[in-house]
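To be precise, the following lines are run_21.pdb, and they hold PDB, C-alpha atoms and all ligand atoms.
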```
ATOM      1  CA  MET A   1     118.353  69.267 107.171  1.00  0.00           C
ATOM      2  CA  LYS A   2     121.634  68.752 105.412  1.00  0.00           C
ATOM      3  CA  ILE A   3     122.300  69.639 101.771  1.00  0.00           C
ATOM      4  CA  GLY A   4     125.114  68.212  99.672  1.00  0.00           C
ATOM      5  CA  VAL A   5     126.812  69.976  96.797  1.00  0.00           C
ATOM      6  CA  LEU A   6     128.381  67.754  94.138  1.00  0.00           C
ATOM      7  CA  ALA A   7     132.023  68.802  94.311  1.00  0.00           C
ATOM      8  CA  LEU A   8     133.636  67.096  91.306  1.00  0.00           C
ATOM      9  CA  GLN A   9     134.158  70.304  89.318  1.00  0.00           C
ATOM     10  CA  GLY A  10     132.690  73.799  89.047  1.00  0.00           C
ATOM     11  CA  ASP A  11     131.553  76.463  91.498  1.00  0.00           C
ATOM     12  CA  PHE A  12     130.459  74.215  94.351  1.00  0.00           C
ATOM     13  CA  ALA A  13     132.136  76.456  96.977  1.00  0.00           C
ATOM     14  CA  GLU A  14     129.777  79.343  96.153  1.00  0.00           C
ATOM     15  CA  HIS A  15     126.745  77.098  96.729  1.00  0.00           C
ATOM     16  CA  ILE A  16     128.184  75.964 100.070  1.00  0.00           C
ATOM     17  CA  HIS A  17     128.669  79.603 101.119  1.00  0.00           C
ATOM     18  CA  MET A  18     125.124  80.526 100.175  1.00  0.00           C
ATOM     19  CA  LEU A  19     123.709  77.538 102.085  1.00  0.00           C
ATOM     20  CA  GLN A  20     125.749  78.415 105.165  1.00  0.00           C
ATOM     21  CA  ARG A  21     124.606  82.008 104.896  1.00  0.00           C
ATOM     22  CA  ILE A  22     120.977  80.924 105.152  1.00  0.00           C
ATOM     23  CA  GLY A  23     121.801  78.657 108.082  1.00  0.00           C
ATOM     24  CA  VAL A  24     121.699  75.283 106.311  1.00  0.00           C
ATOM     25  CA  GLU A  25     124.296  72.620 106.974  1.00  0.00           C
ATOM     26  CA  ALA A  26     126.137  71.897 103.735  1.00  0.00           C
ATOM     27  CA  ILE A  27     128.725  69.303 102.710  1.00  0.00           C
ATOM     28  CA  GLU A  28     130.814  68.664  99.615  1.00  0.00           C
ATOM     29  CA  VAL A  29     129.848  65.371  97.989  1.00  0.00           C
ATOM     30  CA  ARG A  30     132.276  63.264  95.953  1.00  0.00           C
ATOM     31  CA  LEU A  31     131.510  59.736  97.046  1.00  0.00           C
ATOM     32  CA  ALA A  32     128.386  57.633  96.749  1.00  0.00           C
ATOM     33  CA  GLU A  33     128.344  56.914 100.510  1.00  0.00           C
ATOM     34  CA  GLN A  34     127.951  60.614 101.262  1.00  0.00           C
ATOM     35  CA  LEU A  35     124.563  60.646  99.537  1.00  0.00           C
ATOM     36  CA  ASP A  36     123.154  58.718 102.517  1.00  0.00           C
ATOM     37  CA  GLN A  37     123.840  61.700 104.773  1.00  0.00           C
ATOM     38  CA  ILE A  38     121.958  64.391 102.851  1.00  0.00           C
ATOM     39  CA  ASP A  39     118.377  65.495 102.209  1.00  0.00           C
ATOM     40  CA  GLY A  40     118.997  67.222  98.890  1.00  0.00           C
ATOM     41  CA  LEU A  41     121.783  67.688  96.355  1.00  0.00           C
ATOM     42  CA  ILE A  42     122.891  70.691  94.334  1.00  0.00           C
ATOM     43  CA  ILE A  43     124.879  70.152  91.137  1.00  0.00           C
ATOM     44  CA  PRO A  44     126.844  73.343  90.433  1.00  0.00           C
ATOM     45  CA  GLY A  45     127.788  75.196  87.290  1.00  0.00           C
ATOM     46  CA  GLY A  46     131.029  74.361  85.562  1.00  0.00           C
ATOM     47  CA  GLU A  47     131.525  72.135  82.519  1.00  0.00           C
ATOM     48  CA  SER A  48     128.875  69.475  82.153  1.00  0.00           C
ATOM     49  CA  THR A  49     131.137  67.202  80.109  1.00  0.00           C
ATOM     50  CA  THR A  50     133.793  67.308  82.855  1.00  0.00           C
ATOM     51  CA  ILE A  51     131.271  66.791  85.650  1.00  0.00           C
ATOM     52  CA  GLY A  52     129.836  63.826  83.723  1.00  0.00           C
ATOM     53  CA  LYS A  53     133.206  62.283  82.995  1.00  0.00           C
ATOM     54  CA  LEU A  54     134.308  62.588  86.636  1.00  0.00           C
ATOM     55  CA  ALA A  55     130.976  61.199  87.862  1.00  0.00           C
ATOM     56  CA  VAL A  56     131.579  58.129  85.692  1.00  0.00           C
ATOM     57  CA  ASP A  57     135.175  57.823  86.979  1.00  0.00           C
ATOM     58  CA  PHE A  58     134.014  58.210  90.600  1.00  0.00           C
ATOM     59  CA  GLN A  59     131.317  55.546  89.976  1.00  0.00           C
ATOM     60  CA  ILE A  60     128.629  57.823  91.277  1.00  0.00           C
ATOM     61  CA  MET A  61     126.256  57.882  88.237  1.00  0.00           C
ATOM     62  CA  GLU A  62     123.885  55.135  89.392  1.00  0.00           C
ATOM     63  CA  PRO A  63     123.951  56.250  93.060  1.00  0.00           C
ATOM     64  CA  LEU A  64     123.025  59.776  91.901  1.00  0.00           C
ATOM     65  CA  ARG A  65     120.100  58.441  89.852  1.00  0.00           C
ATOM     66  CA  ALA A  66     118.886  56.362  92.790  1.00  0.00           C
ATOM     67  CA  PHE A  67     119.209  59.397  95.074  1.00  0.00           C
ATOM     68  CA  GLY A  68     117.239  61.532  92.624  1.00  0.00           C
ATOM     69  CA  ARG A  69     114.381  59.056  92.479  1.00  0.00           C
ATOM     70  CA  GLN A  70     113.884  59.637  96.232  1.00  0.00           C
ATOM     71  CA  LYS A  71     115.093  63.138  96.953  1.00  0.00           C
ATOM     72  CA  ALA A  72     115.546  66.672  95.724  1.00  0.00           C
ATOM     73  CA  ILE A  73     118.202  67.627  93.177  1.00  0.00           C
ATOM     74  CA  TRP A  74     118.875  71.086  91.773  1.00  0.00           C
ATOM     75  CA  GLY A  75     121.171  71.653  88.822  1.00  0.00           C
ATOM     76  CA  THR A  76     122.484  75.141  88.056  1.00  0.00           C
ATOM     77  CA  CYS A  77     123.788  75.741  84.526  1.00  0.00           C
ATOM     78  CA  ALA A  78     126.126  72.777  83.807  1.00  0.00           C
ATOM     79  CA  GLY A  79     124.286  70.992  86.633  1.00  0.00           C
ATOM     80  CA  ALA A  80     120.988  71.499  84.821  1.00  0.00           C
ATOM     81  CA  ILE A  81     122.504  69.946  81.702  1.00  0.00           C
ATOM     82  CA  PHE A  82     123.756  66.959  83.705  1.00  0.00           C
ATOM     83  CA  LEU A  83     120.306  66.496  85.262  1.00  0.00           C
ATOM     84  CA  SER A  84     118.492  66.519  81.901  1.00  0.00           C
ATOM     85  CA  ARG A  85     117.252  63.703  79.689  1.00  0.00           C
ATOM     86  CA  ASP A  86     118.720  65.134  76.543  1.00  0.00           C
ATOM     87  CA  ALA A  87     121.512  67.579  75.750  1.00  0.00           C
ATOM     88  CA  ARG A  88     121.488  66.852  71.998  1.00  0.00           C
ATOM     89  CA  ARG A  89     124.956  65.377  72.084  1.00  0.00           C
ATOM     90  CA  THR A  90     126.663  62.369  73.559  1.00  0.00           C
ATOM     91  CA  GLN A  91     127.910  62.965  77.084  1.00  0.00           C
ATOM     92  CA  PRO A  92     127.152  61.320  80.429  1.00  0.00           C
ATOM     93  CA  LEU A  93     123.811  62.598  81.755  1.00  0.00           C
ATOM     94  CA  LEU A  94     121.758  61.606  84.781  1.00  0.00           C
ATOM     95  CA  SER A  95     118.749  61.594  82.426  1.00  0.00           C
ATOM     96  CA  LEU A  96     116.330  62.292  85.258  1.00  0.00           C
ATOM     97  CA  MET A  97     114.545  65.498  84.449  1.00  0.00           C
ATOM     98  CA  GLU A  98     112.221  65.586  81.469  1.00  0.00           C
ATOM     99  CA  ILE A  99     113.827  68.544  79.772  1.00  0.00           C
ATOM    100  CA  THR A 100     115.873  68.947  76.618  1.00  0.00           C
ATOM    101  CA  VAL A 101     118.672  71.479  76.884  1.00  0.00           C
ATOM    102  CA  GLU A 102     120.808  73.219  74.316  1.00  0.00           C
ATOM    103  CA  ARG A 103     124.310  73.843  75.587  1.00  0.00           C
ATOM    104  CA  ASN A 104     125.933  77.244  75.087  1.00  0.00           C
ATOM    105  CA  ALA A 105     122.696  78.382  73.507  1.00  0.00           C
ATOM    106  CA  PHE A 106     123.459  82.075  73.664  1.00  0.00           C
ATOM    107  CA  GLY A 107     126.545  81.897  71.505  1.00  0.00           C
ATOM    108  CA  ARG A 108     129.908  83.545  71.931  1.00  0.00           C
ATOM    109  CA  GLN A 109     128.969  87.170  71.505  1.00  0.00           C
ATOM    110  CA  VAL A 110     126.665  87.228  74.521  1.00  0.00           C
ATOM    111  CA  ASP A 111     128.194  84.334  76.376  1.00  0.00           C
ATOM    112  CA  SER A 112     127.604  86.098  79.682  1.00  0.00           C
ATOM    113  CA  PHE A 113     124.775  88.448  80.576  1.00  0.00           C
ATOM    114  CA  GLU A 114     122.468  89.414  83.413  1.00  0.00           C
ATOM    115  CA  VAL A 115     118.738  89.933  83.249  1.00  0.00           C
ATOM    116  CA  ASP A 116     115.773  90.473  85.575  1.00  0.00           C
ATOM    117  CA  LEU A 117     113.391  87.526  85.503  1.00  0.00           C
ATOM    118  CA  ASP A 118     109.859  87.016  86.634  1.00  0.00           C
ATOM    119  CA  VAL A 119     109.761  83.821  88.727  1.00  0.00           C
ATOM    120  CA  PRO A 120     106.260  83.534  90.205  1.00  0.00           C
ATOM    121  CA  ALA A 121     107.129  80.380  92.193  1.00  0.00           C
ATOM    122  CA  LEU A 122     109.526  82.353  94.422  1.00  0.00           C
ATOM    123  CA  LYS A 123     106.481  83.928  96.092  1.00  0.00           C
ATOM    124  CA  LYS A 124     106.465  80.751  98.158  1.00  0.00           C
ATOM    125  CA  VAL A 125     109.598  81.847 100.008  1.00  0.00           C
ATOM    126  CA  ASP A 126     109.170  85.613  99.776  1.00  0.00           C
ATOM    127  CA  PRO A 127     105.725  87.165  99.371  1.00  0.00           C
ATOM    128  CA  GLU A 128     107.229  90.419  98.164  1.00  0.00           C
ATOM    129  CA  GLU A 129     107.142  90.169  94.373  1.00  0.00           C
ATOM    130  CA  ARG A 130     110.401  91.561  93.101  1.00  0.00           C
ATOM    131  CA  PRO A 131     112.254  90.542  89.953  1.00  0.00           C
ATOM    132  CA  TYR A 132     114.935  87.902  90.194  1.00  0.00           C
ATOM    133  CA  HIS A 133     118.280  89.191  88.919  1.00  0.00           C
ATOM    134  CA  ALA A 134     119.824  86.243  87.071  1.00  0.00           C
ATOM    135  CA  VAL A 135     123.442  85.777  85.977  1.00  0.00           C
ATOM    136  CA  PHE A 136     124.033  83.701  82.831  1.00  0.00           C
ATOM    137  CA  ILE A 137     127.498  82.386  81.938  1.00  0.00           C
ATOM    138  CA  ARG A 138     127.813  80.335  78.727  1.00  0.00           C
ATOM    139  CA  ALA A 139     124.389  79.197  79.719  1.00  0.00           C
ATOM    140  CA  PRO A 140     122.248  76.429  78.339  1.00  0.00           C
ATOM    141  CA  LEU A 141     118.689  77.000  77.263  1.00  0.00           C
ATOM    142  CA  ILE A 142     115.906  74.681  78.294  1.00  0.00           C
ATOM    143  CA  GLU A 143     114.585  73.940  74.831  1.00  0.00           C
ATOM    144  CA  ALA A 144     111.626  71.857  75.898  1.00  0.00           C
ATOM    145  CA  VAL A 145     109.899  70.581  79.019  1.00  0.00           C
ATOM    146  CA  TYR A 146     107.714  67.492  78.857  1.00  0.00           C
ATOM    147  CA  GLY A 147     106.210  64.789  81.053  1.00  0.00           C
ATOM    148  CA  ASP A 148     105.724  66.249  84.529  1.00  0.00           C
ATOM    149  CA  ALA A 149     108.312  68.992  84.121  1.00  0.00           C
ATOM    150  CA  GLN A 150     107.026  72.554  84.311  1.00  0.00           C
ATOM    151  CA  ILE A 151     108.325  75.954  83.332  1.00  0.00           C
ATOM    152  CA  LEU A 152     109.350  78.208  86.236  1.00  0.00           C
ATOM    153  CA  SER A 153     110.700  81.134  84.266  1.00  0.00           C
ATOM    154  CA  GLN A 154     111.165  82.414  80.730  1.00  0.00           C
ATOM    155  CA  LEU A 155     113.009  85.276  79.104  1.00  0.00           C
ATOM    156  CA  ASP A 156     110.875  88.002  77.517  1.00  0.00           C
ATOM    157  CA  ASP A 157     111.128  86.211  74.173  1.00  0.00           C
ATOM    158  CA  GLY A 158     109.727  83.008  75.684  1.00  0.00           C
ATOM    159  CA  ARG A 159     112.940  81.012  75.968  1.00  0.00           C
ATOM    160  CA  ILE A 160     112.858  78.803  79.052  1.00  0.00           C
ATOM    161  CA  VAL A 161     115.548  79.305  81.704  1.00  0.00           C
ATOM    162  CA  ALA A 162     114.136  77.544  84.793  1.00  0.00           C
ATOM    163  CA  ALA A 163     112.036  74.422  85.250  1.00  0.00           C
ATOM    164  CA  GLN A 164     110.830  72.096  87.963  1.00  0.00           C
ATOM    165  CA  GLN A 165     109.690  68.496  88.011  1.00  0.00           C
ATOM    166  CA  GLY A 166     108.532  67.425  91.454  1.00  0.00           C
ATOM    167  CA  ARG A 167     111.637  67.712  93.629  1.00  0.00           C
ATOM    168  CA  TRP A 168     113.965  68.426  90.728  1.00  0.00           C
ATOM    169  CA  LEU A 169     114.936  71.932  89.793  1.00  0.00           C
ATOM    170  CA  ALA A 170     116.908  73.188  86.787  1.00  0.00           C
ATOM    171  CA  THR A 171     118.143  76.745  86.291  1.00  0.00           C
ATOM    172  CA  SER A 172     120.185  77.966  83.314  1.00  0.00           C
ATOM    173  CA  PHE A 173     121.622  80.712  85.489  1.00  0.00           C
ATOM    174  CA  HIS A 174     123.699  80.944  88.691  1.00  0.00           C
ATOM    175  CA  PRO A 175     121.852  81.959  91.886  1.00  0.00           C
ATOM    176  CA  GLU A 176     124.994  81.061  93.868  1.00  0.00           C
ATOM    177  CA  LEU A 177     126.820  84.013  92.276  1.00  0.00           C
ATOM    178  CA  THR A 178     124.359  86.610  93.590  1.00  0.00           C
ATOM    179  CA  ASP A 179     123.230  87.858  96.997  1.00  0.00           C
ATOM    180  CA  ASP A 180     119.676  86.744  96.378  1.00  0.00           C
ATOM    181  CA  ASP A 181     119.013  83.588  98.395  1.00  0.00           C
ATOM    182  CA  ARG A 182     115.443  82.976  97.252  1.00  0.00           C
ATOM    183  CA  PHE A 183     116.270  80.075  94.926  1.00  0.00           C
ATOM    184  CA  HIS A 184     118.318  78.359  97.619  1.00  0.00           C
ATOM    185  CA  ARG A 185     115.463  78.790 100.108  1.00  0.00           C
ATOM    186  CA  TYR A 186     113.034  77.507  97.486  1.00  0.00           C
ATOM    187  CA  PHE A 187     115.184  74.409  97.020  1.00  0.00           C
ATOM    188  CA  ILE A 188     115.378  73.828 100.784  1.00  0.00           C
ATOM    189  CA  GLU A 189     111.578  73.696 100.827  1.00  0.00           C
ATOM    190  CA  LEU A 190     111.626  71.081  98.057  1.00  0.00           C
ATOM    191  CA  ALA A 191     114.152  69.021 100.004  1.00  0.00           C
ATOM    192  CA  ALA A 192     112.257  69.240 103.299  1.00  0.00           C
TER     193      ALA A 192
HETATM  194  N1  LIG A 201     128.800  75.840  79.044  1.00  0.00           N
HETATM  195  C1  LIG A 201     128.840  74.906  80.149  1.00  0.00           C
HETATM  196  C2  LIG A 201     128.410  73.520  79.706  1.00  0.00           C
HETATM  197  O1  LIG A 201     127.953  73.363  78.622  1.00  0.00           O
HETATM  198  C3  LIG A 201     127.968  75.391  81.279  1.00  0.00           C
HETATM  199  C4  LIG A 201     128.481  76.710  81.800  1.00  0.00           C
HETATM  200  C5  LIG A 201     128.213  76.976  83.237  1.00  0.00           C
HETATM  201  O2  LIG A 201     127.889  76.079  84.030  1.00  0.00           O
HETATM  202  N2  LIG A 201     128.367  78.208  83.619  1.00  0.00           N
HETATM  203  O3  LIG A 201     128.540  72.592  80.439  1.00  0.00           O
END
```

Once you've parsed the file, please lay out its structure as structure tokens.
Amino acid sequence: MKIGVLALQGDFAEHIHMLQRIGVEAIEVRLAEQLDQIDGLIIPGGESTTIGKLAVDFQIMEPLRAFGRQKAIWGTCAGAIFLSRDARRTQPLLSLMEITVERNAFGRQVDSFEVDLDVPALKKVDPEERPYHAVFIRAPLIEAVYGDAQILSQLDDGRIVAAQQGRWLATSFHPELTDDDRFHRYFIELAA
């Protein structure tokens, strides 16, 4: 099992650390050829417009789409935007996951916050049901899921912050910035 982290921009180093901490081999991915070496790919948080622009420049858009049709991809925050079908504005997107996202949905006043979430799916990797403490930073909202995409977690007011479609995972928040490794272990199971 080897997991790649798209390392064009954003907090890819934190994902690598978390993967190493749970004993998974992890590599930084910048080139299309490197996709052949990995079983799953994480797209980190950062700026989705920058990640998209660099992915176009590095000629890795089509290789990423082809990879995603076969294997697991998880986008956190900006990565979730990049993975989506629709971000309601023009920017390069992988357009894989059947979700519509709204960028910077929480506005300036609460551009960063932390909240305890109920994520029933995490029972798969840890039977003890404890809340998932999620960190949001200028986070997108998952406005809608359709097709085969399903909701994994919602805020108390019903707004969607995590979704899954087969082997694709999207989280509005940043599990790589916490000590809680359940989401990373959940993704490893999807990639296996
Ligand atoms: N606001 C960023 C965007 O729209 C995402 C922020 C993040 O990844 N923490 O791309």

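Once the PyMOL selection byres (((not hetatm)) within 7 of (chain A and resi 201)) is applied to this file, the selection holds Gly45, Gly46, Glu47, Ser48, Thr49, Thr76, Cys77, Ala78, Gly79, Ile81, Arg103, Asn104, Ile137, Arg138, Ala139 and Pro140 of chain A.
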
Residue subset to file, keeping C-alpha atoms, as a PDB file, in the coordinates of the input:
```
ATOM      1  CA  GLY A  45     127.788  75.196  87.290  1.00  0.00           C
ATOM      2  CA  GLY A  46     131.029  74.361  85.562  1.00  0.00           C
ATOM      3  CA  GLU A  47     131.525  72.135  82.519  1.00  0.00           C
ATOM      4  CA  SER A  48     128.875  69.475  82.153  1.00  0.00           C
ATOM      5  CA  THR A  49     131.137  67.202  80.109  1.00  0.00           C
ATOM      6  CA  THR A  76     122.484  75.141  88.056  1.00  0.00           C
ATOM      7  CA  CYS A  77     123.788  75.741  84.526  1.00  0.00           C
ATOM      8  CA  ALA A  78     126.126  72.777  83.807  1.00  0.00           C
ATOM      9  CA  GLY A  79     124.286  70.992  86.633  1.00  0.00           C
ATOM     10  CA  ILE A  81     122.504  69.946  81.702  1.00  0.00           C
ATOM     11  CA  ARG A 103     124.310  73.843  75.587  1.00  0.00           C
ATOM     12  CA  ASN A 104     125.933  77.244  75.087  1.00  0.00           C
ATOM     13  CA  ILE A 137     127.498  82.386  81.938  1.00  0.00           C
ATOM     14  CA  ARG A 138     127.813  80.335  78.727  1.00  0.00           C
ATOM     15  CA  ALA A 139     124.389  79.197  79.719  1.00  0.00           C
ATOM     16  CA  PRO A 140     122.248  76.429  78.339  1.00  0.00           C
TER      17      PRO A 140
END
```

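Closest to Arg182 in chain A among A:Leu31, A:Glu129, A:Asp111, A:Gln9 is A:Glu129, based on all atoms listed in the file.
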
Tell me which residues the PyMOL selection byres (((chain A and resi 35-42) around 7) and not hetatm) grabs here, as a VMD selection string.
chain A and resid 1 to 6 32 to 34 43 to 44 71 to 75 191

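Between CA of Asp118 in chain A and CA of Ala13 in chain A lies a distance of 26.7 Å.
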
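Comparing the minimum interatomic distances between Glu176 in chain A and each of A:Arg108, A:His133, A:Arg85, A:Lys53, counting only C-alpha atoms, we find that A:His133 sits nearest.
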
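Shell of Thr50 in chain A at 10 Å, with all atoms listed in the file counted and residues fewer than 5 places along the chain excluded, is Leu8, Gln9, Gly10, Ala55, Val56, Ala78, Gln91 and Pro92 of chain A.
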
I'd like the contact shell of Leu152 in chain A - 10 Å cut-off, only C-alpha atoms, skipping same-chain residues fewer than 3 positions apart - returned as a list of chain:residue names.
A:Asp118, A:Val119, A:Pro120, A:Ala121, A:Leu122, A:Ala149, A:Ile160, A:Val161, A:Ala162, A:Ala163, A:Gln164, A:Gln165, A:Leu169, A:Ala170, A:Thr171

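Take the candidates A:Met97, A:Leu190, A:Ile22, A:Leu117 and check each one against Gln154 in chain A using all atoms listed in the file; the shortest distance goes to A:Leu117.
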
Reference answer for the PyMOL selection byres (((chain A and resi 179) around 12) and not hetatm), as a PDB file with C-alpha atoms, keeping the file's coordinate frame:
```pdb
ATOM      1  CA  GLU A  14     129.777  79.343  96.153  1.00  0.00           C
ATOM      2  CA  HIS A  15     126.745  77.098  96.729  1.00  0.00           C
ATOM      3  CA  HIS A  17     128.669  79.603 101.119  1.00  0.00           C
ATOM      4  CA  MET A  18     125.124  80.526 100.175  1.00  0.00           C
ATOM      5  CA  LEU A  19     123.709  77.538 102.085  1.00  0.00           C
ATOM      6  CA  ARG A  21     124.606  82.008 104.896  1.00  0.00           C
ATOM      7  CA  ILE A  22     120.977  80.924 105.152  1.00  0.00           C
ATOM      8  CA  TYR A 132     114.935  87.902  90.194  1.00  0.00           C
ATOM      9  CA  HIS A 133     118.280  89.191  88.919  1.00  0.00           C
ATOM     10  CA  ALA A 134     119.824  86.243  87.071  1.00  0.00           C
ATOM     11  CA  VAL A 135     123.442  85.777  85.977  1.00  0.00           C
ATOM     12  CA  HIS A 174     123.699  80.944  88.691  1.00  0.00           C
ATOM     13  CA  PRO A 175     121.852  81.959  91.886  1.00  0.00           C
ATOM     14  CA  GLU A 176     124.994  81.061  93.868  1.00  0.00           C
ATOM     15  CA  LEU A 177     126.820  84.013  92.276  1.00  0.00           C
ATOM     16  CA  THR A 178     124.359  86.610  93.590  1.00  0.00           C
ATOM     17  CA  ASP A 180     119.676  86.744  96.378  1.00  0.00           C
ATOM     18  CA  ASP A 181     119.013  83.588  98.395  1.00  0.00           C
ATOM     19  CA  ARG A 182     115.443  82.976  97.252  1.00  0.00           C
ATOM     20  CA  PHE A 183     116.270  80.075  94.926  1.00  0.00           C
ATOM     21  CA  HIS A 184     118.318  78.359  97.619  1.00  0.00           C
TER      22      HIS A 184
END
```

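Pairwise distance (CA of Pro63 in chain A, CA of Asp86 in chain A) equals 19.5 Å.
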
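Restricting the calculation to only C-alpha atoms, the smallest distance between Ala26 in chain A and any of A:Gly52, A:Leu96, A:Ile188, A:Ile60 is found for A:Ile188.
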
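Nearest residue to Gly107 in chain A, choosing from A:Met61, A:Leu141, A:Leu54, A:Ile27 and counting only C-alpha atoms: A:Leu141.
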
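Distances to Ser153 in chain A were evaluated for A:Gln20, A:Glu25, A:Pro131, A:Gly166 using all atoms listed in the file, and the minimum falls at A:Pro131.
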
Between CA of Phe58 in chain A and CA of Ala105 in chain A, measure the distance and give it in Å to one decimal.
28.8 Å
